[in-house]
$ cat work-v2.cif   # mmCIF, C-alpha atoms
data_target
#
loop_
_atom_site.label_atom_id
_atom_site.label_comp_id
_atom_site.auth_asym_id
_atom_site.auth_seq_id
_atom_site.Cartn_x
_atom_site.Cartn_y
_atom_site.Cartn_z
CA MET A 1 -98.79 -11.58 95.55
CA LYS A 2 -102.34 -11.82 94.31
CA LEU A 3 -103.37 -9.49 91.51
CA GLN A 4 -106.30 -7.17 92.10
CA ASN A 5 -108.60 -7.25 89.06
CA PRO A 6 -106.24 -6.40 86.22
CA PRO A 7 -108.21 -4.94 83.30
CA PRO A 8 -108.37 -7.01 80.11
CA ALA A 9 -105.88 -6.46 77.30
CA THR A 10 -108.42 -4.77 75.05
CA TYR A 11 -107.97 -1.19 73.98
CA ALA A 12 -110.11 1.78 73.05
CA PHE A 13 -107.05 3.47 71.54
CA GLY A 14 -104.61 2.51 68.84
CA TYR A 15 -102.83 3.48 65.66
CA LYS A 16 -104.79 3.79 62.44
CA ASN A 17 -101.48 3.46 60.62
CA PRO A 18 -99.26 1.39 62.91
CA PRO A 19 -95.64 2.51 63.17
CA GLN A 20 -92.69 0.21 62.63
CA SER A 21 -92.80 -2.68 65.11
CA GLY A 22 -91.06 -1.80 68.36
CA ASN A 23 -89.54 -5.28 68.30
CA GLU A 24 -87.85 -4.50 64.99
CA ILE A 25 -86.56 -1.20 66.35
CA ASN A 26 -85.32 -3.00 69.46
CA GLY A 27 -83.37 -5.45 67.30
CA LEU A 28 -85.35 -8.63 68.01
CA GLY A 29 -83.85 -11.38 65.87
CA VAL A 30 -80.85 -9.26 64.85
CA GLU A 31 -77.67 -11.36 64.81
CA GLU A 32 -75.03 -8.66 64.98
CA LYS A 33 -74.20 -6.55 67.99
CA ILE A 34 -75.68 -3.14 67.43
CA ARG A 35 -76.65 -0.34 69.76
CA ALA A 36 -80.20 0.18 70.98
CA ARG A 37 -82.42 2.82 69.36
CA HIS A 38 -84.98 5.04 71.02
CA VAL A 39 -88.50 3.85 70.43
CA PHE A 40 -91.06 5.06 72.97
CA HIS A 41 -90.20 7.00 76.16
CA ASN A 42 -87.88 9.68 75.03
CA ALA A 43 -86.33 12.67 76.73
CA THR A 44 -84.15 13.64 73.81
CA GLY A 45 -86.74 15.64 71.89
CA GLU A 46 -86.24 13.70 68.65
CA GLU A 47 -89.26 12.40 66.75
CA LEU A 48 -89.75 8.67 67.29
CA PRO A 49 -92.08 6.18 65.60
CA TRP A 50 -94.11 5.64 68.80
CA ASN A 51 -94.25 9.30 69.90
CA ALA A 52 -98.02 9.58 69.47
CA LEU A 53 -98.67 6.74 71.91
CA ASP A 54 -96.10 8.16 74.34
CA GLU A 55 -97.87 11.52 74.19
CA PHE A 56 -101.22 9.81 74.72
CA PHE A 57 -99.73 7.99 77.73
CA SER A 58 -98.58 11.32 79.20
CA GLN A 59 -101.98 12.93 78.73
CA ILE A 60 -104.19 10.15 80.10
CA ASN A 61 -101.93 9.59 83.09
CA VAL A 62 -103.18 10.43 86.56
CA TRP A 63 -102.32 13.66 88.35
CA GLY A 64 -100.42 11.84 91.12
CA VAL A 65 -97.94 10.59 88.53
CA VAL A 66 -97.71 13.88 86.67
CA ARG A 67 -96.93 15.93 89.79
CA HIS A 68 -94.01 13.65 90.72
CA MET A 69 -92.78 13.76 87.13
CA LEU A 70 -92.85 17.57 87.04
CA ALA A 71 -91.09 17.78 90.40
CA ASN A 72 -88.39 15.51 89.00
CA VAL A 73 -88.00 17.66 85.90
CA TRP A 74 -87.48 20.65 88.19
CA GLN A 75 -84.86 18.99 90.38
CA LEU A 76 -83.04 17.64 87.32
CA ARG A 77 -81.95 21.21 86.52
CA ARG A 78 -79.10 20.34 88.92
CA GLN A 79 -78.17 17.10 87.16
CA ASP A 80 -75.06 18.61 85.61
CA GLY A 81 -72.91 21.64 86.13
CA PRO A 82 -69.36 22.92 86.45
CA VAL A 83 -66.99 21.35 88.95
CA SER A 84 -67.26 23.40 92.10
CA GLY A 85 -64.08 22.70 94.04
CA PRO A 86 -60.36 22.00 93.68
CA ARG A 87 -59.71 18.56 92.21
CA ILE A 88 -58.82 16.03 94.88
CA LYS A 89 -56.11 13.52 94.01
CA VAL A 90 -57.25 9.90 93.95
CA ASP A 91 -54.42 7.48 94.80
CA ASP A 92 -56.67 4.60 95.76
CA PRO A 93 -59.69 4.07 93.46
CA ALA A 94 -60.95 1.23 95.68
CA ALA A 95 -61.05 3.48 98.74
CA MET A 96 -62.74 6.20 96.68
CA ALA A 97 -65.31 3.72 95.40
CA ALA A 98 -66.07 2.69 98.99
CA GLU A 99 -66.41 6.35 99.97
CA ILE A 100 -68.76 7.09 97.08
CA LYS A 101 -70.91 4.06 97.86
CA ALA A 102 -71.11 5.13 101.50
CA LYS A 103 -72.14 8.63 100.40
CA ALA A 104 -74.81 7.21 98.09
CA LYS A 105 -76.20 5.09 100.92
CA GLU A 106 -76.13 8.09 103.25
CA LEU A 107 -78.25 9.91 100.67
CA GLY A 108 -80.75 7.06 100.68
CA ALA A 109 -79.57 4.57 98.04
CA ARG A 110 -80.11 0.92 98.89
CA LEU A 111 -78.19 -0.59 95.98
CA VAL A 112 -74.97 0.90 94.59
CA GLY A 113 -72.50 -0.49 92.09
CA ILE A 114 -69.86 0.91 89.76
CA THR A 115 -68.93 -0.04 86.22
CA GLU A 116 -67.14 1.44 83.25
CA VAL A 117 -69.39 2.94 80.59
CA PHE A 118 -69.49 0.70 77.52
CA ASP A 119 -70.92 1.03 74.02
CA GLU A 120 -73.91 -1.31 74.42
CA ALA A 121 -75.14 0.85 77.30
CA LEU A 122 -75.44 3.90 75.05
CA TYR A 123 -78.17 4.56 72.51
CA GLU A 124 -77.20 4.67 68.86
CA GLY A 125 -75.74 8.04 67.96
CA TYR A 126 -75.00 9.07 71.54
CA GLU A 127 -71.70 9.50 73.34
CA VAL A 128 -71.47 10.53 76.96
CA GLY A 129 -67.83 11.38 77.51
CA TYR A 130 -67.58 9.89 81.00
CA LYS A 131 -65.60 6.83 82.03
CA TYR A 132 -67.56 5.44 84.97
CA ALA A 133 -71.18 4.86 85.86
CA ILE A 134 -72.31 4.73 89.48
CA CYS A 135 -75.59 2.81 89.39
CA ILE A 136 -78.10 3.40 92.15
CA GLY A 137 -81.18 1.38 93.08
CA LEU A 138 -84.04 2.32 95.36
CA PRO A 139 -86.85 -0.05 96.35
CA MET A 140 -90.48 0.96 95.95
CA ASP A 141 -93.05 0.74 98.72
CA ARG A 142 -94.33 -2.80 98.44
CA GLU A 143 -97.72 -1.99 99.94
CA GLU A 144 -98.33 0.68 97.30
CA MET A 145 -96.98 -1.58 94.56
CA SER A 146 -99.37 -4.36 95.57
CA HIS A 147 -101.99 -2.26 93.74
CA VAL A 148 -100.54 -2.98 90.29
CA PRO A 149 -101.75 -2.38 87.62
CA HIS A 150 -103.77 0.47 89.11
CA GLU A 151 -103.29 4.13 89.93
CA ARG A 152 -101.71 3.81 93.39
CA ALA A 153 -98.85 1.71 92.06
CA ALA A 154 -98.27 4.10 89.15
CA VAL A 155 -97.93 7.01 91.59
CA GLU A 156 -95.47 5.00 93.70
CA VAL A 157 -93.34 4.22 90.62
CA MET A 158 -92.96 7.89 89.78
CA ARG A 159 -92.37 8.81 93.41
CA ALA A 160 -89.54 6.26 93.53
CA TYR A 161 -88.08 7.64 90.29
CA LYS A 162 -88.15 11.15 91.73
CA GLU A 163 -86.45 9.96 94.92
CA VAL A 164 -83.73 7.90 93.23
CA SER A 165 -83.18 10.84 90.88
CA ARG A 166 -82.65 13.14 93.90
CA ILE A 167 -80.03 10.74 95.27
CA ALA A 168 -78.18 10.72 91.94
CA ILE A 169 -78.35 14.53 91.65
CA GLU A 170 -76.95 15.05 95.15
CA LEU A 171 -74.24 12.44 94.65
CA ALA A 172 -73.19 14.11 91.38
CA GLU A 173 -73.02 17.46 93.21
CA GLU A 174 -70.75 15.92 95.86
CA ILE A 175 -68.45 14.56 93.17
CA ARG A 176 -68.32 17.92 91.39
CA ALA A 177 -67.40 19.49 94.74
CA MET A 178 -64.37 17.15 94.72
CA GLY A 179 -63.29 18.76 91.46
CA TRP A 180 -64.38 15.94 89.15
CA PRO A 181 -67.07 16.18 86.47
CA ALA A 182 -70.23 14.20 87.13
CA LYS A 183 -73.71 14.09 85.67
CA ALA A 184 -76.79 12.57 87.25
CA TYR A 185 -79.21 10.51 85.16
CA GLY A 186 -82.54 10.42 86.95
CA ASN A 187 -85.03 10.81 84.15
CA PRO A 188 -87.23 7.73 83.76
CA ASN A 189 -87.58 8.55 80.09
CA SER A 190 -84.82 7.37 77.77
CA THR A 191 -81.91 9.75 77.48
CA ASP A 192 -78.54 8.70 76.13
CA ILE A 193 -77.83 5.75 78.41
CA LEU A 194 -79.56 2.43 79.10
CA HIS A 195 -79.76 1.95 82.84
CA ILE A 196 -80.25 -1.82 82.93
CA PRO A 197 -77.10 -2.95 81.08
CA LEU A 198 -75.01 -0.58 83.21
CA ALA A 199 -76.62 -1.76 86.46
CA ILE A 200 -76.08 -5.42 85.52
CA GLU A 201 -72.40 -4.80 84.83
CA ALA A 202 -72.19 -2.89 88.10
CA GLY A 203 -73.39 -5.97 89.97
CA LEU A 204 -76.80 -4.74 91.09
CA GLY A 205 -78.53 -7.87 89.81
CA GLN A 206 -79.39 -9.85 86.68
CA LEU A 207 -81.86 -9.59 83.85
CA GLY A 208 -85.08 -11.48 84.57
CA LYS A 209 -87.53 -13.21 82.28
CA HIS A 210 -89.75 -10.11 82.40
CA GLY A 211 -87.00 -8.03 80.77
CA SER A 212 -86.30 -6.06 83.95
CA MET A 213 -83.63 -6.45 86.58
CA ILE A 214 -83.78 -8.72 89.58
CA SER A 215 -81.64 -7.91 92.59
CA LYS A 216 -80.92 -10.31 95.40
CA GLU A 217 -82.34 -7.95 98.00
CA PHE A 218 -85.42 -6.43 96.36
CA GLY A 219 -86.26 -8.66 93.42
CA SER A 220 -87.69 -6.37 90.75
CA ASN A 221 -89.32 -3.97 93.16
CA PHE A 222 -86.84 -1.13 92.65
CA ARG A 223 -85.97 1.73 90.31
CA LEU A 224 -82.66 2.88 88.90
CA ALA A 225 -80.73 6.08 88.42
CA ALA A 226 -77.05 6.66 87.68
CA VAL A 227 -74.23 9.13 88.00
CA LEU A 228 -71.67 9.26 85.21
CA THR A 229 -68.27 10.61 86.17
CA ASP A 230 -64.54 10.62 85.52
CA LEU A 231 -63.67 10.33 89.20
CA PRO A 232 -61.28 7.36 89.35
CA LEU A 233 -63.17 4.46 90.91
CA ALA A 234 -62.67 0.72 91.32
CA ILE A 235 -65.34 -1.12 89.39
CA ASP A 236 -67.57 -3.96 90.51
CA GLU A 237 -68.15 -7.28 88.79
CA PRO A 238 -71.47 -8.58 87.47
CA VAL A 239 -73.13 -11.03 89.86
CA ASP A 240 -74.72 -14.42 89.33
CA ILE A 241 -77.47 -14.78 91.93
CA GLY A 242 -79.22 -17.62 90.12
CA VAL A 243 -81.84 -15.60 88.26
CA ASP A 244 -81.53 -17.74 85.13
CA ASP A 245 -81.90 -20.94 87.20
CA LEU A 246 -85.26 -19.70 88.44
CA CYS A 247 -86.52 -17.93 85.32
CA MET A 248 -85.89 -20.99 83.13
CA THR A 249 -88.61 -22.86 85.01
CA CYS A 250 -90.76 -20.19 86.66
CA GLN A 251 -93.73 -19.01 84.59
CA ARG A 252 -95.29 -16.59 87.05
CA CYS A 253 -94.74 -13.36 85.09
CA VAL A 254 -95.63 -15.11 81.83
CA MET A 255 -98.95 -16.32 83.20
CA ASP A 256 -99.89 -13.08 84.96
CA CYS A 257 -99.14 -10.80 82.00
CA PRO A 258 -102.58 -9.84 80.60
CA PRO A 259 -101.33 -9.06 77.05
CA GLU A 260 -99.15 -12.23 77.04
CA ALA A 261 -96.10 -10.18 76.16
CA ILE A 262 -93.42 -12.16 77.99
CA PHE A 263 -91.51 -14.76 75.98
CA LYS A 264 -91.01 -18.13 77.64
CA GLU A 265 -87.56 -18.50 76.13
CA LYS A 266 -84.63 -16.18 75.67
CA GLN A 267 -84.55 -14.33 72.36
CA ARG A 268 -81.76 -13.05 70.18
CA VAL A 269 -81.74 -9.30 70.59
CA ARG A 270 -79.04 -7.12 69.02
CA GLY A 271 -76.65 -10.05 68.79
CA GLU A 272 -77.21 -11.45 72.26
CA MET A 273 -79.46 -14.19 73.64
CA LYS A 274 -81.45 -12.64 76.47
CA TRP A 275 -84.83 -12.37 78.14
CA TYR A 276 -87.07 -10.08 76.16
CA VAL A 277 -90.61 -8.73 76.33
CA ASP A 278 -92.70 -8.28 73.19
CA PHE A 279 -92.80 -4.50 72.89
CA ASP A 280 -95.83 -4.35 70.60
CA LYS A 281 -97.94 -6.38 73.04
CA CYS A 282 -96.60 -4.86 76.26
CA ILE A 283 -96.77 -1.15 75.50
CA PRO A 284 -100.50 -0.77 74.80
CA TYR A 285 -101.28 -2.43 78.13
CA PHE A 286 -98.57 -0.35 79.80
CA VAL A 287 -100.28 2.77 78.45
CA LYS A 288 -103.78 1.67 79.40
CA THR A 289 -102.73 0.97 83.01
CA TYR A 290 -100.41 3.99 83.52
CA GLY A 291 -97.29 1.80 83.62
CA CYS A 292 -98.59 -1.70 84.50
CA ALA A 293 -95.61 -3.28 86.45
CA ILE A 294 -97.51 -6.52 87.09
CA CYS A 295 -94.50 -8.62 86.08
CA LEU A 296 -92.22 -6.79 88.50
CA GLU A 297 -94.47 -7.36 91.46
CA VAL A 298 -95.65 -10.94 90.90
CA CYS A 299 -92.03 -12.08 90.51
CA PRO A 300 -91.20 -14.40 93.44
CA TRP A 301 -87.98 -12.45 94.00
CA SER A 302 -89.99 -9.30 94.78
CA GLU A 303 -91.69 -10.82 97.81
CA PRO A 304 -90.17 -8.93 100.78
CA GLY A 305 -87.37 -10.90 102.43
CA ARG A 306 -87.59 -13.75 99.95
CA GLY A 307 -84.71 -12.81 97.64
CA PRO A 308 -81.79 -13.78 99.89
CA TRP A 309 -83.58 -17.05 100.77
CA LEU A 310 -84.16 -17.81 97.08
CA PHE A 311 -80.53 -17.04 96.32
CA GLU A 312 -79.34 -19.52 98.98
CA LYS A 313 -81.71 -22.25 97.79
CA LEU A 314 -80.73 -21.79 94.15
CA MET A 315 -77.03 -21.91 94.98
CA GLU A 316 -77.56 -25.05 97.09
CA ARG A 317 -79.41 -26.69 94.21
CA ARG A 318 -76.60 -25.78 91.83
CA GLU A 319 -74.02 -27.44 94.09
CA LYS A 320 -75.96 -30.73 94.24
CA MET B 1 -95.30 15.43 77.76
CA ARG B 2 -91.87 14.18 76.91
CA THR B 3 -89.15 15.75 78.98
CA ILE B 4 -85.87 17.12 77.81
CA ASP B 5 -82.97 15.73 79.74
CA GLU B 6 -80.33 17.89 78.17
CA GLN B 7 -81.28 21.35 79.34
CA ALA B 8 -79.07 24.41 79.38
CA ILE B 9 -77.52 23.43 82.66
CA LYS B 10 -73.90 24.34 82.28
CA GLY B 11 -74.30 27.92 83.47
CA THR B 12 -71.68 29.05 85.92
CA SER B 13 -72.68 32.52 87.05
CA PHE B 14 -75.60 33.36 89.30
CA TRP B 15 -77.47 35.06 86.46
CA GLN B 16 -76.88 32.13 84.12
CA GLN B 17 -78.44 29.88 86.73
CA VAL B 18 -81.38 32.23 87.14
CA GLY B 19 -81.86 32.19 83.36
CA ARG B 20 -81.74 28.40 83.35
CA ASP B 21 -84.30 28.17 86.13
CA VAL B 22 -86.64 30.64 84.44
CA ARG B 23 -86.47 28.70 81.15
CA LEU B 24 -87.17 25.46 82.96
CA LEU B 25 -90.05 26.95 84.95
CA ARG B 26 -91.60 28.19 81.70
CA ARG B 27 -91.24 24.72 80.28
CA ILE B 28 -92.83 23.11 83.34
CA ALA B 29 -95.67 25.64 83.17
CA GLN B 30 -96.17 24.71 79.51
CA MET B 31 -96.23 21.00 80.40
CA LEU B 32 -98.69 21.68 83.18
CA TYR B 33 -100.93 23.67 80.86
CA THR B 34 -100.77 20.89 78.28
CA TYR B 35 -101.77 18.28 80.84
CA LEU B 36 -104.48 20.30 82.56
CA VAL B 37 -106.08 22.02 79.56
CA ILE B 38 -105.24 20.19 76.34
CA GLY B 39 -104.92 16.85 78.13
CA ARG B 40 -108.34 17.32 79.68
CA GLY B 41 -109.86 17.43 76.21
CA ILE B 42 -107.88 14.36 75.18
CA ARG B 43 -108.95 12.43 78.26
CA ARG B 44 -112.61 13.39 77.73
CA LYS B 45 -112.60 12.46 74.05
CA TYR B 46 -110.88 9.15 74.81
CA ARG B 47 -113.37 8.26 77.57
CA ASP B 48 -116.30 9.20 75.30
CA LYS B 49 -114.99 6.97 72.53
CA GLU B 50 -114.32 4.17 75.01
CA THR B 51 -117.91 4.41 76.27
CA ARG B 52 -119.26 4.31 72.71
CA GLY B 53 -117.04 1.33 71.86
CA GLU B 54 -115.00 3.35 69.37
CA VAL B 55 -111.25 3.67 69.02
CA TYR B 56 -109.22 6.80 69.76
CA TRP B 57 -106.63 6.88 66.97
CA VAL B 58 -103.52 8.33 68.58
CA ASP B 59 -101.70 8.94 65.30
CA GLU B 60 -104.60 10.95 63.91
CA GLU B 61 -105.33 12.90 67.07
CA LEU B 62 -101.86 13.51 68.49
CA SER B 63 -99.30 13.53 65.70
CA PRO B 64 -97.76 16.96 65.17
#
$ encode --input "work-v2.cif" --output "structure tokens"
Amino acid sequence: MKLQNPPPATYAFGYKNPPQSGNEINGLGVEEKIRARHVFHNATGEELPWNALDEFFSQINVWGVVRHMLANVWQLRRQDGPVSGPRIKVDDPAAMAAEIKAKAKELGARLVGITEVFDEALYEGYEVGYKYAICIGLPMDREEMSHVPHERAAVEVMRAYKEVSRIAIELAEEIRAMGWPAKAYGNPNSTDILHIPLAIEAGLGQLGKHGSMISKEFGSNFRLAAVLTDLPLAIDEPVDIGVDDLCMTCQRCVMDCPPEAIFKEKQRVRGEMKWYVDFDKCIPYFVKTYGCAICLEVCPWSEPGRGPWLFEKLMERREK
Amino acid sequence: MRTIDEQAIKGTSFWQQVGRDVRLLRRIAQMLYTYLVIGRGIRRKYRDKETRGEVYWVDEELSP
């Protein structure tokens, strides 16, 4: 994909007194395993070091984004609620998992995986009280996303979030009708869970060099939501589709990132070596361009139909 | 315009749900007002500063 005139990484906004580095808050260079902390997008209402920039982002954003966001806030009133039917007995968690995945796909999900909720997928100080996470992925319209980092792509991102949120909400309602508690997580702002670690464990894809997920089917051109529940379900395994094999040598997102925020090598973050994006460089550009997403769209995996082919080639190369 | 994920959503009765929806509608109206009215001033000031080659200091202008 060829980029259409990305604006330069120069800014007419900033902090007079810069807050603590987002990289420090994110645990860049930290050796021990610790939980993530909220830093920027935040739906919890607590005051965060980067709140002023987040507020600025909200206010300079375009109406097309804001209207989808508000519609999502409205539908999220149904994200949780009391169980609404007699509890069904689950003798076969594998069969139930297959049923739930089929329901999610019926509702419009294109990627579905299940994992147990684990500590590293929760923000510091938060507990969720559910055992399983059903992770849902929905691709974005590639034609609209080809306009990154401009307005049309930003609107498509929020439309996709609203749509994947609807799927999660309706799936949670179906589970509650089976007599089991379930809560949908469809807010693109940070809440109490981290979507990416859960989705990786649920087998939806792997972490890419650009710090976002790559799935075999859609590359990085998709958005996530989740349903947390106690309904007994068989869990999926993480997948290895060869993302590291490609990202170790590919430099596409690194070269196309205007603020040069993407590290060429994995970094130690909260006790784990992983791909990481420099928060302090990325976020100002993200704000200036209403959400950027260049790295997601220039990724070779995101080219329609290319993912499965790349997967096969990478696996063949590994066998040689 | 940060959103609150954890709303009062556990209501069981019809009237509890109505109360929840009214509270949320008020909140959405407030967010809309902030974007359309207060945000308009922010966007104008930012664009003016950008045109003049100045910097809009978010911590000075937007911190509570």
$ closest_atom_pairs --input "work-v2.cif" --of "chain A" --to "chain B" --cutoff "7 Å" --atoms "only C-alpha atoms" --output "JSON lines"
{"residue": "A:Ala12", "atom": "CA", "partner": "B:Val55", "partner_atom": "CA", "distance": 4.6}
{"residue": "A:Phe13", "atom": "CA", "partner": "B:Tyr56", "partner_atom": "CA", "distance": 4.4}
{"residue": "A:Gly14", "atom": "CA", "partner": "B:Trp57", "partner_atom": "CA", "distance": 5.2}
{"residue": "A:Tyr15", "atom": "CA", "partner": "B:Trp57", "partner_atom": "CA", "distance": 5.3}
{"residue": "A:Lys16", "atom": "CA", "partner": "B:Trp57", "partner_atom": "CA", "distance": 5.8}
{"residue": "A:Asn42", "atom": "CA", "partner": "B:Arg2", "partner_atom": "CA", "distance": 6.3}
{"residue": "A:Ala43", "atom": "CA", "partner": "B:Ile4", "partner_atom": "CA", "distance": 4.6}
{"residue": "A:Thr44", "atom": "CA", "partner": "B:Ile4", "partner_atom": "CA", "distance": 5.6}
{"residue": "A:Gly45", "atom": "CA", "partner": "B:Ile4", "partner_atom": "CA", "distance": 6.2}
{"residue": "A:Ala52", "atom": "CA", "partner": "B:Leu62", "partner_atom": "CA", "distance": 5.6}
{"residue": "A:Leu53", "atom": "CA", "partner": "B:Val58", "partner_atom": "CA", "distance": 6.1}
{"residue": "A:Glu55", "atom": "CA", "partner": "B:Met1", "partner_atom": "CA", "distance": 5.9}
{"residue": "A:Phe56", "atom": "CA", "partner": "B:Val58", "partner_atom": "CA", "distance": 6.7}
{"residue": "A:Ser58", "atom": "CA", "partner": "B:Met1", "partner_atom": "CA", "distance": 5.5}
{"residue": "A:Gln59", "atom": "CA", "partner": "B:Gly39", "partner_atom": "CA", "distance": 4.9}
{"residue": "A:Ile60", "atom": "CA", "partner": "B:Arg43", "partner_atom": "CA", "distance": 5.6}
{"residue": "A:Leu70", "atom": "CA", "partner": "B:Ile28", "partner_atom": "CA", "distance": 6.7}
{"residue": "A:Arg77", "atom": "CA", "partner": "B:Ile9", "partner_atom": "CA", "distance": 6.3}
{"residue": "A:Asp80", "atom": "CA", "partner": "B:Ile9", "partner_atom": "CA", "distance": 6.2}
{"residue": "A:Gly81", "atom": "CA", "partner": "B:Lys10", "partner_atom": "CA", "distance": 4.8}
{"residue": "A:Pro82", "atom": "CA", "partner": "B:Lys10", "partner_atom": "CA", "distance": 6.3}
{"residue": "A:Asn187", "atom": "CA", "partner": "B:Asp5", "partner_atom": "CA", "distance": 6.9}
{"residue": "A:Thr191", "atom": "CA", "partner": "B:Asp5", "partner_atom": "CA", "distance": 6.5}
$ atom_distance --input "work-v2.cif" --atom1 "CA of Leu28 in chain A" --atom2 "CA of Phe263 in chain A"
11.8 Å
$ residues_near_point --input "work-v2.cif" --point "(-83.0, -20.1, 86.5)" --cutoff "12 Å" --atoms "only C-alpha atoms" --output "list in words"
Gln206, Leu207, Gly208, Lys209, Ile214, Asp240, Ile241, Gly242, Val243, Asp244, Asp245, Leu246, Cys247, Met248, Thr249, Cys250, Gln251, Glu265, Lys266, Trp275, Trp301, Leu310, Phe311, Lys313, Leu314, Met315, Arg317 and Arg318 of chain A
$ atom_distance --input "work-v2.cif" --atom1 "CA of Tyr161 in chain A" --atom2 "CA of Gly203 in chain A"
20.0 Å
$ closest_residue --input "work-v2.cif" --among "A:Ala177, A:Leu111, A:Met69, A:Val30" --to "Asn189 in chain A" --atoms "only C-alpha atoms"
A:Met69
$ atom_distance --input "work-v2.cif" --atom1 "CA of Arg152 in chain A" --atom2 "CA of Thr10 in chain A"
21.3 Å
$ resolve_selection --input "work-v2.cif" --expression "the PyMOL selection byres ((chain A and resi 21-27) around 7)" --output "PyMOL selection string"
chain A and resi 19-20+28-30+36-37+39+269-270+278-280
$ closest_atom_pairs --input "work-v2.cif" --of "range 187-235 of chain A" --to "range 114-123 of chain A" --cutoff "6 Å" --atoms "only C-alpha atoms" --output "tab-separated table"
residue	atom	partner	partner_atom	distance
A:Asp192	CA	A:Tyr123	CA	5.5
A:Ile193	CA	A:Leu122	CA	4.5
A:Leu194	CA	A:Ala121	CA	5.0
A:Pro197	CA	A:Ala121	CA	5.7
A:Ala202	CA	A:Thr115	CA	4.7
A:Ile235	CA	A:Thr115	CA	4.9
$ residues_around --input "work-v2.cif" --residues "Ala97 in chain A" --least-positions-apart "2" --cutoff "10 Å" --atoms "only C-alpha atoms" --output "PyMOL selection string"
chain A and resi 92-95+99-103+113-114+134+231-236
$ closest_residue --input "work-v2.cif" --among "A:His195, A:Phe218, A:Lys320, A:Thr289" --to "Arg306 in chain A" --atoms "only C-alpha atoms"
A:Phe218
$ closest_residue --input "work-v2.cif" --among "A:Glu106, A:Glu217, A:Glu260, A:Glu272" --to "Trp309 in chain A" --atoms "all atoms listed in the file"
A:Glu217
$ residues_around --input "work-v2.cif" --residues "Met140 in chain A" --least-positions-apart "2" --cutoff "7 Å" --atoms "all atoms listed in the file" --output "VMD selection string"
chain A and resid 138 142 156 to 157 160 221 to 222
$ closest_residue --input "work-v2.cif" --among "A:Ala154, A:Leu296, A:Ala261, A:Leu76" --to "Glu170 in chain A" --atoms "all atoms listed in the file"
A:Leu76
$ closest_residue --input "work-v2.cif" --among "A:Ser165, A:Gln75, A:Gln267, A:Asn51" --to "Gly137 in chain A" --atoms "all atoms listed in the file"
A:Ser165
$ build_atoms --input "work-v2.cif" --residues "range 15-28 of chain A" --atoms "N, CA and C atoms" --output "CSV table (one decimal), keeping the file's coordinate frame"
chain,number,residue,atom,x,y,z
A,15,TYR,N,-103.3,2.8,66.8
A,15,TYR,CA,-102.8,3.5,65.7
A,15,TYR,C,-103.7,3.1,64.4
A,16,LYS,N,-104.1,4.1,63.7
A,16,LYS,CA,-104.8,3.8,62.4
A,16,LYS,C,-103.8,3.3,61.4
A,17,ASN,N,-102.6,3.9,61.4
A,17,ASN,CA,-101.5,3.5,60.6
A,17,ASN,C,-100.3,3.1,61.6
A,18,PRO,N,-100.3,1.8,61.9
A,18,PRO,CA,-99.3,1.4,62.9
A,18,PRO,C,-97.8,1.7,62.5
A,19,PRO,N,-97.0,2.2,63.5
A,19,PRO,CA,-95.6,2.5,63.2
A,19,PRO,C,-94.8,1.2,63.0
A,20,GLN,N,-93.6,1.4,62.7
A,20,GLN,CA,-92.7,0.2,62.6
A,20,GLN,C,-92.8,-0.6,64.0
A,21,SER,N,-92.7,-1.9,63.9
A,21,SER,CA,-92.8,-2.7,65.1
A,21,SER,C,-91.7,-2.3,66.1
A,22,GLY,N,-92.1,-2.1,67.3
A,22,GLY,CA,-91.1,-1.8,68.4
A,22,GLY,C,-90.0,-2.9,68.5
A,23,ASN,N,-90.5,-4.2,68.2
A,23,ASN,CA,-89.5,-5.3,68.3
A,23,ASN,C,-88.5,-5.2,67.2
A,24,GLU,N,-88.9,-4.7,66.0
A,24,GLU,CA,-87.8,-4.5,65.0
A,24,GLU,C,-86.9,-3.4,65.4
A,25,ILE,N,-87.4,-2.3,65.9
A,25,ILE,CA,-86.6,-1.2,66.4
A,25,ILE,C,-85.6,-1.7,67.5
A,26,ASN,N,-86.1,-2.5,68.3
A,26,ASN,CA,-85.3,-3.0,69.5
A,26,ASN,C,-84.3,-4.0,69.0
A,27,GLY,N,-84.4,-4.5,67.8
A,27,GLY,CA,-83.4,-5.4,67.3
A,27,GLY,C,-83.7,-6.9,67.6
A,28,LEU,N,-85.0,-7.2,67.8
A,28,LEU,CA,-85.4,-8.6,68.0
A,28,LEU,C,-85.0,-9.5,66.8
